[in-house]
Every structure is written in C-alpha cells, then in structure tokens.
$ cat start36.pdb   # PDB, C-alpha atoms, pLDDT in the B column
MODEL        1
ATOM      1  CA  MET A  27       2.353 140.273 159.792  1.00 69.00           C
ATOM      2  CA  TRP A  28       5.626 141.902 158.726  1.00 77.00           C
ATOM      3  CA  THR A  29       8.435 139.477 157.896  1.00 92.00           C
ATOM      4  CA  VAL A  30      12.108 139.941 157.032  1.00 96.00           C
ATOM      5  CA  GLU A  31      12.090 137.196 154.401  1.00 96.00           C
ATOM      6  CA  GLY A  32      13.260 138.713 151.123  1.00 96.00           C
ATOM      7  CA  LYS A  33      13.893 142.108 152.737  1.00 98.00           C
ATOM      8  CA  THR A  34      17.241 143.867 152.314  1.00 98.00           C
ATOM      9  CA  CYS A  35      19.018 144.642 155.589  1.00 98.00           C
ATOM     10  CA  LEU A  36      22.173 146.736 156.055  1.00 98.00           C
ATOM     11  CA  ILE A  37      24.082 146.148 159.302  1.00 98.00           C
ATOM     12  CA  THR A  38      27.081 148.240 160.326  1.00 98.00           C
ATOM     13  CA  GLY A  39      29.639 146.555 162.557  1.00 96.00           C
ATOM     14  CA  GLY A  40      28.522 143.229 161.139  1.00 97.00           C
ATOM     15  CA  THR A  41      31.789 141.318 161.420  1.00 98.00           C
ATOM     16  CA  ASN A  42      31.575 140.459 165.126  1.00 95.00           C
ATOM     17  CA  GLY A  43      29.546 140.711 168.309  1.00 95.00           C
ATOM     18  CA  ILE A  44      25.960 141.907 168.235  1.00 96.00           C
ATOM     19  CA  GLY A  45      26.156 142.896 164.576  1.00 97.00           C
ATOM     20  CA  LYS A  46      27.371 139.501 163.420  1.00 98.00           C
ATOM     21  CA  GLU A  47      24.777 137.614 165.454  1.00 98.00           C
ATOM     22  CA  THR A  48      22.037 139.936 164.194  1.00 98.00           C
ATOM     23  CA  ALA A  49      23.200 139.273 160.630  1.00 98.00           C
ATOM     24  CA  ARG A  50      23.169 135.533 161.321  1.00 98.00           C
ATOM     25  CA  GLY A  51      19.627 135.667 162.696  1.00 98.00           C
ATOM     26  CA  LEU A  52      18.306 137.745 159.798  1.00 98.00           C
ATOM     27  CA  ALA A  53      20.011 135.486 157.252  1.00 98.00           C
ATOM     28  CA  ARG A  54      18.414 132.434 158.864  1.00 98.00           C
ATOM     29  CA  LEU A  55      15.034 134.147 158.472  1.00 97.00           C
ATOM     30  CA  GLY A  56      15.630 134.602 154.743  1.00 98.00           C
ATOM     31  CA  ALA A  57      16.621 138.266 154.598  1.00 98.00           C
ATOM     32  CA  HIS A  58      19.125 139.629 152.102  1.00 98.00           C
ATOM     33  CA  VAL A  59      21.813 140.721 154.549  1.00 98.00           C
ATOM     34  CA  VAL A  60      24.548 143.241 153.770  1.00 98.00           C
ATOM     35  CA  ILE A  61      27.148 143.635 156.503  1.00 98.00           C
ATOM     36  CA  VAL A  62      29.574 146.520 156.802  1.00 98.00           C
ATOM     37  CA  GLY A  63      33.036 145.977 158.217  1.00 98.00           C
ATOM     38  CA  ARG A  64      36.204 148.033 158.404  1.00 96.00           C
ATOM     39  CA  ASN A  65      38.639 145.226 157.565  1.00 98.00           C
ATOM     40  CA  PRO A  66      38.257 143.776 154.026  1.00 98.00           C
ATOM     41  CA  ALA A  67      39.635 140.303 154.883  1.00 98.00           C
ATOM     42  CA  LYS A  68      37.512 139.980 158.034  1.00 98.00           C
ATOM     43  CA  THR A  69      34.421 141.196 156.176  1.00 98.00           C
ATOM     44  CA  THR A  70      34.922 138.603 153.415  1.00 98.00           C
ATOM     45  CA  ALA A  71      35.549 135.828 155.952  1.00 98.00           C
ATOM     46  CA  THR A  72      32.409 136.783 157.894  1.00 98.00           C
ATOM     47  CA  VAL A  73      30.290 136.808 154.731  1.00 98.00           C
ATOM     48  CA  ASP A  74      31.595 133.346 153.822  1.00 98.00           C
ATOM     49  CA  GLU A  75      30.932 132.044 157.346  1.00 98.00           C
ATOM     50  CA  LEU A  76      27.392 133.449 157.459  1.00 98.00           C
ATOM     51  CA  ARG A  77      26.542 132.002 154.054  1.00 98.00           C
ATOM     52  CA  ARG A  78      27.902 128.602 155.099  1.00 98.00           C
ATOM     53  CA  THR A  79      26.282 128.441 158.545  1.00 98.00           C
ATOM     54  CA  THR A  80      22.876 129.829 157.566  1.00 98.00           C
ATOM     55  CA  GLY A  81      22.528 128.314 154.094  1.00 98.00           C
ATOM     56  CA  ASN A  82      21.568 131.782 152.822  1.00 98.00           C
ATOM     57  CA  LEU A  83      23.694 132.849 149.855  1.00 98.00           C
ATOM     58  CA  ARG A  84      22.178 136.324 149.949  1.00 98.00           C
ATOM     59  CA  VAL A  85      24.722 137.640 152.445  1.00 98.00           C
ATOM     60  CA  ASP A  86      27.041 140.346 151.118  1.00 98.00           C
ATOM     61  CA  GLY A  87      29.705 142.605 152.561  1.00 98.00           C
ATOM     62  CA  LEU A  88      30.780 146.186 152.095  1.00 98.00           C
ATOM     63  CA  VAL A  89      33.885 147.811 153.540  1.00 98.00           C
ATOM     64  CA  ALA A  90      34.006 151.259 155.119  1.00 98.00           C
ATOM     65  CA  ASP A  91      35.666 153.110 157.984  1.00 97.00           C
ATOM     66  CA  LEU A  92      32.594 154.524 159.698  1.00 95.00           C
ATOM     67  CA  SER A  93      34.589 156.981 161.758  1.00 96.00           C
ATOM     68  CA  LEU A  94      34.919 159.092 158.589  1.00 97.00           C
ATOM     69  CA  ILE A  95      32.002 161.068 157.179  1.00 96.00           C
ATOM     70  CA  ALA A  96      33.390 160.770 153.642  1.00 97.00           C
ATOM     71  CA  GLU A  97      33.399 156.964 154.017  1.00 96.00           C
ATOM     72  CA  MET A  98      29.803 156.978 155.272  1.00 96.00           C
ATOM     73  CA  CYS A  99      28.729 158.962 152.216  1.00 97.00           C
ATOM     74  CA  ARG A 100      30.703 156.659 149.905  1.00 98.00           C
ATOM     75  CA  LEU A 101      29.139 153.626 151.591  1.00 98.00           C
ATOM     76  CA  ALA A 102      25.639 155.036 151.064  1.00 98.00           C
ATOM     77  CA  ASP A 103      26.421 155.687 147.379  1.00 98.00           C
ATOM     78  CA  GLU A 104      27.864 152.183 146.950  1.00 98.00           C
ATOM     79  CA  PHE A 105      24.860 150.610 148.635  1.00 98.00           C
ATOM     80  CA  ARG A 106      22.441 152.583 146.427  1.00 98.00           C
ATOM     81  CA  ALA A 107      24.361 151.536 143.302  1.00 98.00           C
ATOM     82  CA  HIS A 108      24.115 147.810 144.111  1.00 98.00           C
ATOM     83  CA  TYR A 109      20.781 147.363 145.866  1.00 98.00           C
ATOM     84  CA  PRO A 110      17.340 148.533 144.708  1.00 98.00           C
ATOM     85  CA  ALA A 111      15.794 148.719 148.190  1.00 98.00           C
ATOM     86  CA  LEU A 112      16.624 149.064 151.871  1.00 98.00           C
ATOM     87  CA  HIS A 113      14.068 147.723 154.314  1.00 98.00           C
ATOM     88  CA  ILE A 114      16.098 147.569 157.525  1.00 98.00           C
ATOM     89  CA  LEU A 115      19.074 149.726 158.523  1.00 98.00           C
ATOM     90  CA  ILE A 116      20.796 148.566 161.690  1.00 98.00           C
ATOM     91  CA  ASN A 117      23.296 151.102 163.006  1.00 97.00           C
ATOM     92  CA  ASN A 118      25.441 148.894 165.194  1.00 95.00           C
ATOM     93  CA  ALA A 119      29.111 149.815 164.674  1.00 93.00           C
ATOM     94  CA  GLY A 120      30.732 151.242 167.764  1.00 91.00           C
ATOM     95  CA  ALA A 121      33.821 151.195 169.898  1.00 93.00           C
ATOM     96  CA  TYR A 122      35.340 152.322 173.175  1.00 91.00           C
ATOM     97  CA  TYR A 123      38.738 154.060 173.080  1.00 93.00           C
ATOM     98  CA  ASP A 124      40.716 154.682 176.237  1.00 94.00           C
ATOM     99  CA  LYS A 125      42.912 157.310 174.562  1.00 96.00           C
ATOM    100  CA  ARG A 126      41.672 160.362 172.692  1.00 96.00           C
ATOM    101  CA  ALA A 127      42.300 160.410 168.965  1.00 96.00           C
ATOM    102  CA  VAL A 128      41.038 162.621 166.199  1.00 96.00           C
ATOM    103  CA  THR A 129      39.962 161.362 162.774  1.00 96.00           C
ATOM    104  CA  ALA A 130      41.455 162.711 159.546  1.00 96.00           C
ATOM    105  CA  GLU A 131      38.346 164.916 159.341  1.00 96.00           C
ATOM    106  CA  GLY A 132      39.033 166.466 162.752  1.00 96.00           C
ATOM    107  CA  LEU A 133      36.380 164.716 164.869  1.00 95.00           C
ATOM    108  CA  GLU A 134      37.109 162.875 168.105  1.00 94.00           C
ATOM    109  CA  ARG A 135      36.872 159.246 166.997  1.00 95.00           C
ATOM    110  CA  THR A 136      34.482 157.939 169.687  1.00 94.00           C
ATOM    111  CA  PHE A 137      31.950 160.633 168.787  1.00 92.00           C
ATOM    112  CA  ALA A 138      32.599 160.152 165.062  1.00 95.00           C
ATOM    113  CA  LEU A 139      32.041 156.384 165.097  1.00 94.00           C
ATOM    114  CA  ASN A 140      29.417 155.917 167.810  1.00 91.00           C
ATOM    115  CA  HIS A 141      27.266 158.942 167.031  1.00 91.00           C
ATOM    116  CA  MET A 142      28.033 160.624 163.716  1.00 92.00           C
ATOM    117  CA  SER A 143      28.093 157.377 161.716  1.00 94.00           C
ATOM    118  CA  TYR A 144      24.533 156.578 162.826  1.00 93.00           C
ATOM    119  CA  PHE A 145      23.307 160.080 162.012  1.00 95.00           C
ATOM    120  CA  VAL A 146      25.093 160.559 158.680  1.00 97.00           C
ATOM    121  CA  LEU A 147      24.406 157.072 157.300  1.00 97.00           C
ATOM    122  CA  THR A 148      20.738 157.210 158.295  1.00 98.00           C
ATOM    123  CA  LEU A 149      20.340 160.628 156.693  1.00 98.00           C
ATOM    124  CA  ALA A 150      22.183 159.512 153.535  1.00 98.00           C
ATOM    125  CA  LEU A 151      19.901 156.474 153.136  1.00 98.00           C
ATOM    126  CA  LEU A 152      16.641 157.983 154.382  1.00 98.00           C
ATOM    127  CA  ASP A 153      15.220 158.512 150.899  1.00 98.00           C
ATOM    128  CA  MET A 154      15.878 154.870 150.057  1.00 98.00           C
ATOM    129  CA  LEU A 155      14.301 153.689 153.301  1.00 98.00           C
ATOM    130  CA  LYS A 156      11.208 155.791 152.637  1.00 98.00           C
ATOM    131  CA  SER A 157      10.848 154.463 149.096  1.00 98.00           C
ATOM    132  CA  SER A 158      11.219 150.884 150.422  1.00 98.00           C
ATOM    133  CA  ALA A 159       8.472 151.300 153.038  1.00 96.00           C
ATOM    134  CA  PRO A 160       7.558 149.675 155.222  1.00 95.00           C
ATOM    135  CA  ALA A 161      11.102 150.057 156.484  1.00 97.00           C
ATOM    136  CA  ARG A 162      12.826 150.156 159.857  1.00 97.00           C
ATOM    137  CA  ILE A 163      15.835 151.910 161.391  1.00 97.00           C
ATOM    138  CA  LEU A 164      17.396 150.359 164.493  1.00 96.00           C
ATOM    139  CA  SER A 165      20.225 152.054 166.350  1.00 93.00           C
ATOM    140  CA  VAL A 166      22.088 149.962 168.901  1.00 91.00           C
ATOM    141  CA  SER A 167      23.077 151.831 172.033  1.00 85.00           C
ATOM    142  CA  SER A 168      24.365 150.901 175.466  1.00 79.00           C
ATOM    143  CA  GLY A 169      23.438 151.220 179.099  1.00 75.00           C
ATOM    144  CA  ALA A 170      26.468 153.500 179.267  1.00 69.00           C
ATOM    145  CA  HIS A 171      24.232 156.232 177.872  1.00 73.00           C
ATOM    146  CA  ALA A 172      22.997 156.751 181.443  1.00 69.00           C
ATOM    147  CA  MET A 173      26.314 158.342 182.410  1.00 73.00           C
ATOM    148  CA  GLY A 174      26.400 160.481 179.270  1.00 71.00           C
ATOM    149  CA  ARG A 175      25.608 164.131 178.912  1.00 74.00           C
ATOM    150  CA  LEU A 176      25.733 166.616 176.076  1.00 78.00           C
ATOM    151  CA  ARG A 177      28.964 168.567 176.358  1.00 78.00           C
ATOM    152  CA  LYS A 178      28.134 171.356 173.904  1.00 77.00           C
ATOM    153  CA  SER A 179      31.203 173.351 174.865  1.00 82.00           C
ATOM    154  CA  ASP A 180      33.580 170.415 174.288  1.00 80.00           C
ATOM    155  CA  LEU A 181      32.055 167.940 171.774  1.00 78.00           C
ATOM    156  CA  ASN A 182      35.539 167.122 170.497  1.00 81.00           C
ATOM    157  CA  TYR A 183      36.980 166.498 173.986  1.00 85.00           C
ATOM    158  CA  GLU A 184      39.788 168.989 173.557  1.00 89.00           C
ATOM    159  CA  LYS A 185      39.616 170.149 177.188  1.00 90.00           C
ATOM    160  CA  SER A 186      39.639 166.740 178.824  1.00 87.00           C
ATOM    161  CA  TYR A 187      39.132 163.144 177.756  1.00 89.00           C
ATOM    162  CA  LEU A 188      38.051 160.104 179.712  1.00 84.00           C
ATOM    163  CA  GLY A 189      37.278 157.055 177.574  1.00 85.00           C
ATOM    164  CA  TRP A 190      34.174 155.910 179.441  1.00 84.00           C
ATOM    165  CA  LEU A 191      32.706 159.412 179.574  1.00 87.00           C
ATOM    166  CA  ALA A 192      33.267 159.888 175.839  1.00 87.00           C
ATOM    167  CA  TYR A 193      31.691 156.485 175.212  1.00 84.00           C
ATOM    168  CA  GLY A 194      28.674 157.241 177.403  1.00 85.00           C
ATOM    169  CA  ASP A 195      28.202 160.642 175.782  1.00 85.00           C
ATOM    170  CA  SER A 196      28.389 159.132 172.296  1.00 86.00           C
ATOM    171  CA  LYS A 197      25.767 156.523 173.181  1.00 84.00           C
ATOM    172  CA  LEU A 198      23.484 159.144 174.690  1.00 81.00           C
TER
ENDMDL
END

$ encode --input "start36.pdb" --output "structure tokens"
Amino acid sequence: MWTVEGKTCLITGGTNGIGKETARGLARLGAHVVIVGRNPAKTTATVDELRRTTGNLRVDGLVADLSLIAEMCRLADEFRAHYPALHILINNAGAYYDKRAVTAEGLERTFALNHMSYFVLTLALLDMLKSSAPARILSVSSGAHAMGRLRKSDLNYEKSYLGWLAYGDSKL
C-alpha cells in the first residue's frame, strides 16, 4: 500500500482554501509538505499554523507569483535546490477575476494562473517526479470547466472578456 508518510509534497495555493486543508491533511499523515503562496507574510503564518496544529515540523513554504512563467521556473529551480525528491505535486493555485488584466509577460492573468502555472510547473518538475517514482501529479479543477471551451482565436481575451467564461475556459 502506498503511503504519504515521509513523502515530499508540493502544493501551490497552499495558504488558504482547498490547498491549505490539503496541506493540513498531508502533514497530519506524516508527509513533508511544501506550500507555495504569493504573499510572504501569509505563507510564513500558514507554515507556522500548520506546524503547530498538526505537530509536523516538516512543513515549509516557498513564495512565488504563479501568474508569471518566470516565477514558475524560478520556483522549480528553488524547489530542486532545497529538496532531493518530489513525490506529490498538487497544482491547486487558482483565481477568478471579474476584470481582464494582463501579466507583465503579456498573458491574460486568469489563463496564466489557472492553466499555464499547472502546465509550466509540472513540466519543469517532471524529471524530478519521474526520478522520485512512484510519484503523483494532481491538478485541482472546477465544475466551471463544463462551461469552458477552447478559444484558439482569442486565448488572451483581447476581443471580449467575461470573468466566468475566462475562468471556465482556464479550468477546462
């Protein structure tokens, strides 16, 4: 039987919601949990809380803005530099935005965070996951994917933007 005890788990969006509760559950089961948050103070506070409430001191935090590809690549490099293995990658970070915005790299931010971060981070850490086998990749989605469709002619929502449609598309 496969167990998470002693396994290293990386969870994006680990400072609140589903990501935080997943981190809590894995820490209680004895995993080495590394959460990723965007806000340094909130990430540190969440790490401290998880250590205190689970009794597991092997909870760490890394900071990255996952709406930026450069930050995803930096995060992967930082993770590789500090941890010898990756057994579970949980792509959880995500957000809904009611107004269109473009990242510094020129991507619409809903697409960048909810889709590209999962793809780029998984690809950047795939070699590490393979060498840590057996390993798992979990990508959290949403029922909103049902209203999504691939808009190949307007991936960046330059023609029109509706928050819920962009969210649904990104989750699809």

$ closest_residue --input "start36.pdb" --among "A:Leu94, A:Leu149, A:Cys35, A:Leu52" --to "Val128 in chain A" --atoms "all atoms listed in the file"
A:Leu94

$ closest_residue --input "start36.pdb" --among "A:Leu36, A:Ala150, A:Leu55, A:Leu139" --to "Ala119 in chain A" --atoms "all atoms listed in the file"
A:Leu139

$ resolve_selection --input "start36.pdb" --expression "the PyMOL selection byres ((chain A and resi 34) around 12)" --output "PyMOL selection string"
chain A and resi 29-33+35-37+49+52-53+55-61+84-86+105-106+108-116+154-155+158-162

$ resolve_selection --input "start36.pdb" --expression "the PyMOL selection byres ((chain A and resi 190-196) around 10)" --output "ChimeraX atom specification"
/A:120-124,126,134-142,167-177,181-183,186-189,197-198

$ atom_distance --input "start36.pdb" --atom1 "CA of Leu92 in chain A" --atom2 "CA of Leu76 in chain A"
21.8 Å

$ closest_residue --input "start36.pdb" --among "A:Asn118, A:Ala90, A:Arg100, A:Glu184" --to "Lys46 in chain A" --atoms "only C-alpha atoms"
A:Asn118

$ resolve_selection --input "start36.pdb" --expression "the PyMOL selection byres ((chain A and resi 69) around 12)" --output "JSON, numbers by chain"
{"A": [37, 38, 39, 40, 41, 42, 45, 46, 60, 61, 62, 63, 64, 65, 66, 67, 68, 70, 71, 72, 73, 74, 75, 76, 85, 86, 87, 88, 89, 90]}

$ axis_aligned_box --input "start36.pdb" --around "range 35-39 of chain A" --padding-each-side "4 Å" --output "lines of an AutoDock Vina configuration file"
center_x = 24.3
center_y = 146.4
center_z = 159.1
size_x = 18.6
size_y = 11.6
size_z = 15.0

$ atom_distance --input "start36.pdb" --atom1 "CA of Glu131 in chain A" --atom2 "CA of Asp180 in chain A"
16.6 Å

$ closest_residue --input "start36.pdb" --among "A:Ile163, A:Gly43, A:Thr80, A:Ala96" --to "Leu151 in chain A" --atoms "only C-alpha atoms"
A:Ile163

$ atom_distance --input "start36.pdb" --atom1 "CA of Ala130 in chain A" --atom2 "CA of Ser179 in chain A"
21.3 Å

$ closest_residue --input "start36.pdb" --among "A:Ser157, A:Thr48, A:Thr129, A:Ser143" --to "Leu101 in chain A" --atoms "only C-alpha atoms"
A:Ser143
